[in-house]
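Heads up, the thing below is written out as structure tokens.
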There are 2 protein chains.
Amino acid sequence: MYNETLLMMPGPVPMPESVRNAMTKQAINHRSKEFGDCYADIVRVLKPVFGTKNDMLVLSGSGTAGQEAALGSFARGKKVASLVNGKFGERLGQIAAIYGESVMIESEWGHPLNLEGLKEALENGAEVVTLVHNETSAAILNPAEEVGKLARKYDALFILDAITSIGGDVVETDKWGADVAIVGSQKCLAAPAGLAAVSVSQRAWDRLSETRPFYLDLKKAKKSADGNPMETPSTPAVPLFLALREACRLIEEEGLDNRIARHHKMSAAVRAAGAAWGLAPVPQVDALHKASNTVTGFFYPAGIEDSQIRGVCKKMGIEFAGGQDRFKGKIFRIGNMGIIDTPEILATVAAVQMAFKKAGYTLEGDGLAAAVEVLSS
Amino acid sequence: MYNETLLMMPGPVPMPESVRNAMTKQAINHRSKEFGDCYADIVRVLKPVFGTKNDMLVLSGSGTAGQEAALGSFARGKKVASLVNGKFGERLGQIAAIYGESVMIESEWGHPLNLEGLKEALENGAEVVTLVHNETSAAILNPAEEVGKLARKYDALFILDAITSIGGDVVETDKWGADVAIVGSQKCLAAPAGLAAVSVSQRAWDRLSETRPFYLDLKKAKKSADGNPMETPSTPAVPLFLALREACRLIEEEGLDNRIARHHKMSAAVRAAGAAWGLAPVPQVDALHKASNTVTGFFYPAGIEDSQIRGVCKKMGIEFAGGQDRFKGKIFRIGNMGIIDTPEILATVAAVQMAFKKAGYTLEGDGLAAAVEVLSS
């Protein structure tokens, strides 16, 4: 694809030209109206995208920084129940262990959450619940609303990692009772990597930990954001803020509903392709758990190596993700976050089909035709 | 100045066009040779700029993140002696208090350090010493070499915040025995804000804290950087890495010695202007403590308001810094970090002189002529 690899990853994702160009602006003083207006613009657009009226803070750090800001600010010394059915759920539990007492409630990766285990942990005094909404490592969409209800029932704080769903799928932070929700810039928002936005409820502020990290202290971030102009406690990554503002403008222009519908359609096309090919999807769905609408994962059939599919497609100029940790070499994952649309899905599905053919593997059916049918609807 | 304010701050600073344009590149996979090569290029250039052969890690966060990474990784549960003669020295002490037992050894802002107090703290069991090399809040250059000798004599770790000196002044991390040294991207390196580079000695690794922060864990950063390709533990702010690589290329092109000589000359010109004007410099120098070579600070004479000088210059299109915290409204500070050269110094000195005239204040002599003399030499 010209000189550029088409990134079909579950982040980072291709950025619109205007988002990239926004970064070329000469340095500005970050304690200025100019920067404060940029920060305010981002917050104004992101609140409805999060489905929240809570405070919204933008941190100069990755989604992991957002996770740690949440746990470091609200979980110190507390019992934290972390629901785990993939790598990122596990990471939240690992961070929780640094600040409090971490109880990981694990399922197989990509399998439904152990909600009975969560109930038990809450009955045993867990004060904080963490959940990854869209667990990209296993391409599964977890039932945030149900988890929120349980957390509220036991009066626990609910920290929702929606890093890879916000901006591409339905997220209702307030309705679901998420006291903290987190998004990463380089996922469905289609901005460069390096920022995390975090929403915080009054209920969370009321339970603020006394000792908190310094750089990732959400209290300090709120104090600076409450100023006029809006500021950050330490020097922000200004070019990334400028890029995120432009990405937010494009989200407004498209309309959130249209954007979510597009993400749903693109992932449905990839799922349809996989079903036609006869490949086993990674997520085990049920009434509460769905396949992700922003990344789609399949197991490789026996005898097929990662390099035969992902490696071959990468050489063509299309890069998607393999499996992480225990899934390494066993699965492949096609992202459709941000600005990914019909042409990119067509190219990717066709390339995968071509790679299987090249590998001498006979797929059950025509995945490309199945994808085309979804995309034409 | 056209449409652009001339930033004469002690960071952020104007960026060369090629540095800004480096950020427009389309998103790339950060787990790739392409990203790893970028990271490796930065490290290759920065090691001699730090004066170190130690490990070099780049973090996606501000200089404050670099400070916390150092203290969070190496100071947990330890007694930390923090030398304070300005705002940033104080900040290191505040961060130290989160992780260990903080002992702040304070002088008046801009006055020489209390080295006797440091000796006492070391005799009383301090295991870590923190110092801000170039304390911008008071425009003073602190004696890092002497502090390093003391720390080594008592076998304490030495954490050196050289955020605003590295790349613009002489820093000899290894010779001075700094176990950890820190730089920020938006200071003398003239890159965008949002990255910190941290060097770590073997002596520091041998004393790694068992529990460390997650996002700012230097051990994890080293493990990822030791890979092939070089990586970061969580998603890095890729556009900022690309910009920093280009900024490093420009440092190589200019040559470190030339760059430092330029910074020395520019600050000498501003100091000469202030002396001719008859303004009192902020730093109290002595045999060990010097005026900063990257930012120059003066007290306002009685009866002159910040708005009459800084405000007026800002309206002309030239922005420099006022005082922070206890120095608010009392001082002004002119930075000369990064690519600032003769034209910018001339414009700024002339503008300040003009503002004083406009305020009806009679300066002692012609500061602009004094600056010109230094710049012509």
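Order determines the names: the first chain of the structure tokens is A, the second B, and so forth; residues in each chain are numbered 1 upward, and ligands are numbered 1 upward as they are shown.
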- Message: Set the cut-off to 8 Å and count only C-alpha atoms: what are the residues of chain A that reach chain B? Output as JSON, numbers by chain.
- Response: {"A": [4, 5, 7, 12, 13, 14, 15, 17, 20, 21, 23, 24, 25, 26, 27, 28, 29, 60, 61, 62, 63, 64, 65, 68, 95, 98, 192, 193, 194, 195, 211, 212, 213, 214, 215, 234, 235, 236, 237, 238, 239]}
Selected residues written out with N, CA and C atoms, as a short mmCIF file (atom, residue, chain, number, x, y, z; two decimals), in the first residue's frame:
```
data_model
loop_
_atom_site.label_atom_id
_atom_site.label_comp_id
_atom_site.auth_asym_id
_atom_site.auth_seq_id
_atom_site.Cartn_x
_atom_site.Cartn_y
_atom_site.Cartn_z
N GLU A 4 3.21 2.75 2.89
CA GLU A 4 2.66 2.74 4.23
C GLU A 4 2.03 1.38 4.51
N THR A 5 2.35 0.80 5.65
CA THR A 5 1.68 -0.43 6.05
C THR A 5 0.27 -0.09 6.53
N LEU A 7 -2.30 -0.63 9.05
CA LEU A 7 -2.33 -1.19 10.41
C LEU A 7 -3.75 -1.61 10.76
N PRO A 12 -1.91 0.44 18.00
CA PRO A 12 -2.27 1.72 17.39
C PRO A 12 -2.96 1.52 16.04
N VAL A 13 -3.63 2.58 15.61
CA VAL A 13 -4.42 2.51 14.38
C VAL A 13 -4.05 3.68 13.46
N PRO A 14 -4.41 3.56 12.18
CA PRO A 14 -4.12 4.67 11.26
C PRO A 14 -4.78 5.97 11.73
N MET A 15 -4.07 7.06 11.54
CA MET A 15 -4.60 8.36 11.95
C MET A 15 -4.96 9.17 10.71
N GLU A 17 -5.14 12.32 8.27
CA GLU A 17 -4.07 13.26 7.94
C GLU A 17 -4.15 14.52 8.81
N ARG A 20 -2.67 13.99 12.19
CA ARG A 20 -1.21 13.98 12.19
C ARG A 20 -0.65 15.39 12.02
N ASN A 21 -1.27 16.14 11.14
CA ASN A 21 -0.76 17.48 10.87
C ASN A 21 -0.95 18.43 12.06
N MET A 23 -0.09 18.01 14.88
CA MET A 23 1.06 17.94 15.78
C MET A 23 2.22 18.84 15.35
N THR A 24 2.16 19.37 14.14
CA THR A 24 3.32 20.14 13.66
C THR A 24 3.37 21.56 14.20
N LYS A 25 2.35 21.96 14.94
CA LYS A 25 2.31 23.32 15.47
C LYS A 25 3.55 23.61 16.34
N GLN A 26 4.02 24.83 16.24
CA GLN A 26 5.15 25.25 17.07
C GLN A 26 4.76 25.13 18.56
N ALA A 27 5.78 24.92 19.41
CA ALA A 27 5.55 24.79 20.85
C ALA A 27 4.77 25.97 21.40
N ILE A 28 3.84 25.69 22.31
CA ILE A 28 3.12 26.76 23.00
C ILE A 28 3.31 26.59 24.51
N ASN A 29 3.09 27.64 25.22
CA ASN A 29 3.10 27.57 26.68
C ASN A 29 1.86 26.76 27.11
N SER A 60 -0.93 12.48 30.32
CA SER A 60 0.11 12.23 29.32
C SER A 60 0.78 10.90 29.63
N GLY A 61 0.18 9.86 29.11
CA GLY A 61 0.67 8.50 29.33
C GLY A 61 -0.24 7.55 28.58
N SER A 62 0.15 6.30 28.48
CA SER A 62 -0.65 5.31 27.74
C SER A 62 -1.87 4.88 28.56
N GLY A 63 -2.66 3.99 28.00
CA GLY A 63 -3.79 3.42 28.72
C GLY A 63 -3.36 2.80 30.04
N THR A 64 -2.19 2.19 30.06
CA THR A 64 -1.66 1.61 31.30
C THR A 64 -1.52 2.70 32.37
N ALA A 65 -1.08 3.87 31.96
CA ALA A 65 -0.97 4.99 32.90
C ALA A 65 -2.35 5.34 33.45
N GLU A 68 -3.22 2.77 36.04
CA GLU A 68 -2.50 2.96 37.30
C GLU A 68 -2.98 4.22 38.03
N ILE A 95 -1.52 -4.40 38.69
CA ILE A 95 -1.37 -3.03 39.20
C ILE A 95 -2.05 -2.91 40.56
N ILE A 98 0.02 -3.75 43.55
CA ILE A 98 1.03 -2.77 43.99
C ILE A 98 0.44 -1.85 45.06
N PRO A 192 -2.91 9.76 18.05
CA PRO A 192 -1.64 9.09 18.33
C PRO A 192 -1.60 8.50 19.74
N ALA A 193 -0.76 7.51 19.91
CA ALA A 193 -0.55 6.91 21.23
C ALA A 193 0.09 7.92 22.17
N GLY A 194 -0.23 7.78 23.44
CA GLY A 194 0.46 8.60 24.43
C GLY A 194 -0.43 9.38 25.38
N LEU A 195 -1.75 9.32 25.19
CA LEU A 195 -2.66 9.96 26.13
C LEU A 195 -3.70 8.96 26.63
N THR A 211 -2.58 8.52 50.34
CA THR A 211 -1.29 8.54 49.63
C THR A 211 -1.52 8.08 48.20
N ARG A 212 -1.05 8.87 47.25
CA ARG A 212 -1.27 8.56 45.83
C ARG A 212 0.03 8.73 45.07
N PRO A 213 0.14 8.13 43.87
CA PRO A 213 1.34 8.38 43.08
C PRO A 213 1.40 9.88 42.75
N PHE A 214 2.53 10.35 42.29
CA PHE A 214 2.69 11.79 42.05
C PHE A 214 2.29 12.15 40.61
N TYR A 215 2.95 11.52 39.66
CA TYR A 215 2.69 11.86 38.25
C TYR A 215 1.27 11.48 37.85
N SER A 234 1.75 18.47 35.65
CA SER A 234 3.09 18.61 35.07
C SER A 234 2.95 18.85 33.57
N THR A 235 4.06 19.13 32.93
CA THR A 235 4.02 19.50 31.51
C THR A 235 3.34 18.42 30.68
N PRO A 236 2.29 18.77 29.95
CA PRO A 236 1.60 17.78 29.13
C PRO A 236 2.31 17.57 27.79
N ALA A 237 2.00 16.45 27.15
CA ALA A 237 2.52 16.16 25.80
C ALA A 237 1.67 16.95 24.81
N VAL A 238 2.00 18.23 24.66
CA VAL A 238 1.15 19.17 23.91
C VAL A 238 0.77 18.69 22.50
N PRO A 239 1.74 18.21 21.69
CA PRO A 239 1.34 17.80 20.33
C PRO A 239 0.26 16.72 20.34
#
```
- Item | Residues within 12 Å of Ile345 (chain A), only C-alpha atoms, excluding chain neighbours under 6 positions, as a count of residues only | 33
- Task: as a VMD selection string, list the residues of region 111-321 of chain B assigned to strand (DSSP E) by DSSP on the backbone atoms of this structure.
- Result: chain B and resid 128 to 132 134 to 135 140 to 141 157 to 161 180 to 184 195 to 200 290 to 291 295 to 299 318 to 320
Expected file: the selected residues, C-alpha atoms, as an mmCIF file, in the first residue's frame:
```
data_model
loop_
_atom_site.group_PDB
_atom_site.id
_atom_site.type_symbol
_atom_site.label_atom_id
_atom_site.label_comp_id
_atom_site.auth_asym_id
_atom_site.auth_seq_id
_atom_site.Cartn_x
_atom_site.Cartn_y
_atom_site.Cartn_z
ATOM 1 C CA VAL B 128 19.592 8.148 48.549
ATOM 2 C CA VAL B 129 20.503 11.727 47.638
ATOM 3 C CA THR B 130 18.493 13.814 45.167
ATOM 4 C CA LEU B 131 19.658 16.993 43.486
ATOM 5 C CA VAL B 132 18.352 19.287 40.796
ATOM 6 C CA ASN B 134 19.983 23.262 37.037
ATOM 7 C CA GLU B 135 17.240 24.670 39.289
ATOM 8 C CA ILE B 140 20.913 28.524 39.648
ATOM 9 C CA LEU B 141 23.388 25.811 38.638
ATOM 10 C CA LEU B 157 22.599 6.383 45.586
ATOM 11 C CA PHE B 158 22.761 9.686 43.755
ATOM 12 C CA ILE B 159 19.692 10.721 41.709
ATOM 13 C CA LEU B 160 20.475 13.719 39.522
ATOM 14 C CA ASP B 161 17.677 15.714 37.934
ATOM 15 C CA VAL B 180 20.321 7.985 37.881
ATOM 16 C CA ALA B 181 20.243 11.060 35.641
ATOM 17 C CA ILE B 182 17.096 12.484 34.072
ATOM 18 C CA VAL B 183 16.397 14.760 31.107
ATOM 19 C CA GLY B 184 13.116 16.142 29.731
ATOM 20 C CA LEU B 195 9.233 12.226 27.045
ATOM 21 C CA ALA B 196 11.833 11.748 29.754
ATOM 22 C CA ALA B 197 15.133 9.913 29.306
ATOM 23 C CA VAL B 198 16.696 8.292 32.341
ATOM 24 C CA SER B 199 20.152 6.751 32.728
ATOM 25 C CA VAL B 200 20.672 4.038 35.343
ATOM 26 C CA LYS B 290 26.916 29.355 39.392
ATOM 27 C CA ALA B 291 24.245 31.187 37.488
ATOM 28 C CA VAL B 295 17.892 30.265 32.065
ATOM 29 C CA THR B 296 18.670 33.676 33.555
ATOM 30 C CA GLY B 297 16.617 35.283 36.302
ATOM 31 C CA PHE B 298 16.432 38.817 37.720
ATOM 32 C CA PHE B 299 14.431 40.427 40.501
ATOM 33 C CA ILE B 318 7.864 37.360 23.106
ATOM 34 C CA GLU B 319 7.009 35.143 26.050
ATOM 35 C CA PHE B 320 9.361 34.438 28.926
#
```
- Task: Would you return as a PyMOL selection string the members of region 25-97 of chain A that DSSP assigns to helix (DSSP H, G or I) on this structure's backbone?
- Result: chain A and resi 33-50+63-74+87-97
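Reported to one decimal place, the separation of CA of Tyr154 (chain A) from CA of Ala138 (chain A) is 28.4 Å.
Atom pair CA of Ala221 (chain A) / CA of Val49 (chain A) has a distance of 20.4 Å (rounded to one decimal).
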- Message: I'd like the interatomic distance between CA of Ala40 (chain B) and CA of Lys187 (chain B), to a tenth of an Å.
- Response: 20.7 Å
- Task: Quick one: everything within 12 Å of Glu116 (chain B), counting only C-alpha atoms, minus sequence neighbours fewer than 2 positions away in the same chain. Send it as a ChimeraX atom specification.
- Result: /B:83,105-107,112-114,118-123,146-147,150
Export C-alpha atoms of the chosen residues as an mmCIF file, in the first residue's frame?
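To be explicit, this is the file written out as selection.cif:
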```cif
data_model
loop_
_atom_site.group_PDB
_atom_site.id
_atom_site.type_symbol
_atom_site.label_atom_id
_atom_site.label_comp_id
_atom_site.auth_asym_id
_atom_site.auth_seq_id
_atom_site.Cartn_x
_atom_site.Cartn_y
_atom_site.Cartn_z
ATOM 1 C CA LEU B 83 18.751 19.110 48.504
ATOM 2 C CA ILE B 105 17.685 19.902 53.260
ATOM 3 C CA GLU B 106 16.544 23.376 52.410
ATOM 4 C CA SER B 107 18.220 26.667 51.610
ATOM 5 C CA PRO B 112 23.759 27.834 47.834
ATOM 6 C CA LEU B 113 22.878 24.326 48.946
ATOM 7 C CA ASN B 114 23.310 23.295 52.542
ATOM 8 C CA LEU B 118 23.620 16.858 53.548
ATOM 9 C CA LYS B 119 26.668 15.441 55.345
ATOM 10 C CA GLU B 120 24.671 15.240 58.516
ATOM 11 C CA ALA B 121 21.801 13.455 56.800
ATOM 12 C CA LEU B 122 24.253 10.987 55.256
ATOM 13 C CA GLU B 123 25.838 10.377 58.632
ATOM 14 C CA GLU B 146 30.531 17.842 44.870
ATOM 15 C CA VAL B 147 27.176 16.344 45.810
ATOM 16 C CA LEU B 150 29.547 13.185 49.167
#
```
- Message: When you look at Gly36 (chain A) with a cut-off of 8 Å (counting only C-alpha atoms), what residues show up, excluding the ones that are within fewer than 5 positions of it in the same chain? I need them as a VMD selection string.
- Response: chain A and resid 30 to 31 228 to 231
Residues just named, written with C-alpha atoms as a PDB file, in the first residue's frame:
```
ATOM      1  CA  HIS A  30       0.940  24.897  28.315  1.00  0.00           C
ATOM      2  CA  ARG A  31      -0.112  27.325  31.029  1.00  0.00           C
ATOM      3  CA  ASN A 228      -9.138  28.680  34.294  1.00  0.00           C
ATOM      4  CA  PRO A 229      -7.534  28.041  31.861  1.00  0.00           C
ATOM      5  CA  MET A 230      -7.584  24.259  32.243  1.00  0.00           C
ATOM      6  CA  GLU A 231      -4.124  22.936  33.020  1.00  0.00           C
TER       7      GLU A 231
END
```
- Message: Need to verify the contact set: Glu145 (chain B), 12 Å, only C-alpha atoms, exclusion of same-chain residues closer than 2 positions in sequence. Can you return it as JSON, numbers by chain?
- Response: {"B": [131, 132, 133, 141, 142, 143, 147, 148, 149, 150, 151, 152, 158, 160, 170, 171, 172, 173, 174, 175, 176, 177, 178, 288, 289]}
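With only C-alpha atoms as the atoms that count, the minimum distance from Asn85 (chain A) to the choices A:Thr232, A:Ser73, A:Gln284, A:Thr348 is reached by A:Gln284.
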